[in-house]
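Enquirer: After the structure tokens below, expect a handful of questions from me.
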Amino acid sequence: MSSESSIQRLGSCLCRQIRFTVLGKPYSCAVCHCINCKKSGGSAFSTSAFFTPDKIILTAGQELLRKYDDTDTTSGNTLTRLFCANCGSPLFMSSPAKTEEIAVSLDAVENHAWVPHRETRPDARCPWVTIHQDGA
């Protein structure tokens with residue numbers, strides 16, 4: 001039986017031209033309701049899994065990764081958003097202020113059962129969104 005830390009999960013963008021592997025489980029998962037995350041993902045919120053950089057291996061499509069340096073953030077820190085140039089899927093986020101972590105778009109990772117355990121900017125949550133908090 002393998003431990004959770006040795007499990008590898010595949011991830012990709014929508015067109016599957018960018019592919020990656022994540023090692024183990026994230027140390028945190030979160031939902032963000034800020035306007036920038038809403039706009040970048042085209043949804044009511046974003047969901048992210050947080051890993052240390054050494055746990056993410058890009059396996060295909062590096063030439064298709066594009067970056068947008070989001071400087072108009074609530075925190076005031078620049079957030080680098082990486083996405084696919086072909087299909088536009090948001091994939092990764094990082095910050096020069098937190099070099100020890102990379103946020104991976106949660107649903108870009110296949111076959112996971114990770115549940116977000118925290119919210120960022122709940123004051124900006126759409127009134128029709130309810131986040132289930134089961135303590136798991």
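By order of appearance in the structure tokens: chains A, B, ..., then residues from 1 within every chain, and ligands from 1 in the order shown.
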Compile the contact shell of region 57-70 of chain A as a PyMOL selection string: residues with an atom at most 12 Å away, counting only C-alpha atoms, same-chain residues fewer than 5 positions apart removed.
Expert: chain A and resi 8-13+15-24+35-37+39-40+51-52+75-96+102+104
Enquirer: So which one's closest to Thr120 (chain A), A:Leu14, A:Cys32, A:Thr73, A:Pro53? Using only C-alpha atoms, please.
Expert: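 Of A:Leu14, A:Cys32, A:Thr73, A:Pro53, the one nearest Thr120 (chain A) is A:Cys32, counting only C-alpha atoms.
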Enquirer: Using only C-alpha atoms, which of the listed residues (A:Ser105, A:Thr74, A:Asn111, A:Ser48) sits closest to Ala124 (chain A)?
Expert: A:Thr74
Enquirer: Need to verify the contact set: Arg125 (chain A), 10 Å, only C-alpha atoms, exclusion of same-chain residues closer than 5 positions in sequence. Can you return it as a ChimeraX atom specification?
Expert: /A:31-35,38,44-45,119-120,130-131
Enquirer: Can you write out the residues you just picked, keeping N, CA and C atoms, as a tab-separated table (two decimals), in the first residue's frame?
Expert:
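Written output follows (selection.tsv):
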chain	number	residue	atom	x	y	z
A	31	VAL	N	-10.68	28.24	-1.29
A	31	VAL	CA	-11.60	28.89	-2.22
A	31	VAL	C	-11.32	30.38	-2.11
A	32	CYS	N	-11.24	31.08	-3.25
A	32	CYS	CA	-11.04	32.53	-3.22
A	32	CYS	C	-12.20	33.21	-3.93
A	33	HIS	N	-12.74	34.24	-3.29
A	33	HIS	CA	-13.88	34.98	-3.83
A	33	HIS	C	-13.49	36.36	-4.35
A	34	CYS	N	-12.20	36.68	-4.40
A	34	CYS	CA	-11.82	38.03	-4.85
A	34	CYS	C	-12.19	38.23	-6.31
A	35	ILE	N	-12.37	39.46	-6.70
A	35	ILE	CA	-12.81	39.79	-8.06
A	35	ILE	C	-11.80	39.33	-9.11
A	38	LYS	N	-12.25	35.64	-9.67
A	38	LYS	CA	-13.50	35.45	-10.41
A	38	LYS	C	-13.29	35.74	-11.89
A	44	ALA	N	-17.68	32.08	-10.17
A	44	ALA	CA	-18.04	32.79	-8.95
A	44	ALA	C	-16.93	32.77	-7.90
A	45	PHE	N	-15.97	31.87	-8.07
A	45	PHE	CA	-14.83	31.77	-7.16
A	45	PHE	C	-13.80	30.86	-7.81
A	119	GLU	N	-11.38	29.83	3.17
A	119	GLU	CA	-11.86	30.79	2.18
A	119	GLU	C	-11.02	32.05	2.26
A	120	THR	N	-10.74	32.61	1.10
A	120	THR	CA	-10.11	33.91	1.02
A	120	THR	C	-11.15	34.89	0.50
A	130	THR	N	-22.95	28.99	-1.42
A	130	THR	CA	-22.83	28.44	-0.07
A	130	THR	C	-21.66	27.47	-0.06
A	131	ILE	N	-20.71	27.69	0.82
A	131	ILE	CA	-19.56	26.82	0.93
A	131	ILE	C	-19.82	25.84	2.07
Enquirer: Would you mind telling me which residue in A:Val129, A:Ala49, A:Ile7, A:Val115 lies nearest to Glu101 (chain A) when using only C-alpha atoms?
Expert: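 Among the listed residues, the smallest separation from Glu101 (chain A) belongs to A:Ala49.
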Enquirer: Residues of chain A classed as strand (DSSP E) by DSSP on the backbone are to be reported as a ChimeraX atom specification.
Expert: /A:8-12,19-23,28-32,46-51,56-60,65-70,79-84,90-95,98-105,118-120
Enquirer: Would you work out the distance separating CA of Ala30 (chain A) from CA of Phe50 (chain A), expressed in Å to one decimal?
Expert: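 Those two atoms sit 8.2 Å apart.
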Enquirer: Using DSSP secondary structure from the backbone, list all helix (DSSP H, G or I) positions within chain A, as number ranges by chain.
Expert: A: 4-6, 35-41, 53-55, 62-64, 106-108, 122-124
Enquirer: Next, write the just-selected residues to a file, as a PDB file, in the first residue's frame, keeping C-alpha atoms as the atom set.
Expert:
ATOM      1  CA  GLU A   4      -0.374   9.579   0.309  1.00  0.00           C
ATOM      2  CA  SER A   5       3.013  11.321   0.000  1.00  0.00           C
ATOM      3  CA  SER A   6       4.117   8.899  -2.738  1.00  0.00           C
ATOM      4  CA  ILE A  35     -12.811  39.786  -8.058  1.00  0.00           C
ATOM      5  CA  ASN A  36      -9.493  38.974  -9.762  1.00  0.00           C
ATOM      6  CA  CYS A  37      -9.912  35.223  -9.202  1.00  0.00           C
ATOM      7  CA  LYS A  38     -13.504  35.447 -10.407  1.00  0.00           C
ATOM      8  CA  LYS A  39     -12.453  37.233 -13.584  1.00  0.00           C
ATOM      9  CA  SER A  40      -9.415  35.074 -14.309  1.00  0.00           C
ATOM     10  CA  GLY A  41     -11.416  31.856 -14.041  1.00  0.00           C
ATOM     11  CA  PRO A  53       7.372  23.980  -5.981  1.00  0.00           C
ATOM     12  CA  ASP A  54       9.292  20.676  -5.828  1.00  0.00           C
ATOM     13  CA  LYS A  55       5.976  18.752  -5.821  1.00  0.00           C
ATOM     14  CA  GLN A  62       5.839  24.372 -21.277  1.00  0.00           C
ATOM     15  CA  GLU A  63       6.048  26.488 -24.443  1.00  0.00           C
ATOM     16  CA  LEU A  64       2.277  27.108 -24.183  1.00  0.00           C
ATOM     17  CA  LEU A 106      -7.843  22.372  -8.103  1.00  0.00           C
ATOM     18  CA  ASP A 107      -9.864  20.890 -10.934  1.00  0.00           C
ATOM     19  CA  ALA A 108      -6.928  20.831 -13.336  1.00  0.00           C
ATOM     20  CA  PRO A 122     -15.479  35.610   2.028  1.00  0.00           C
ATOM     21  CA  ASP A 123     -16.783  39.199   2.145  1.00  0.00           C
ATOM     22  CA  ALA A 124     -16.769  39.126  -1.690  1.00  0.00           C
TER      23      ALA A 124
END
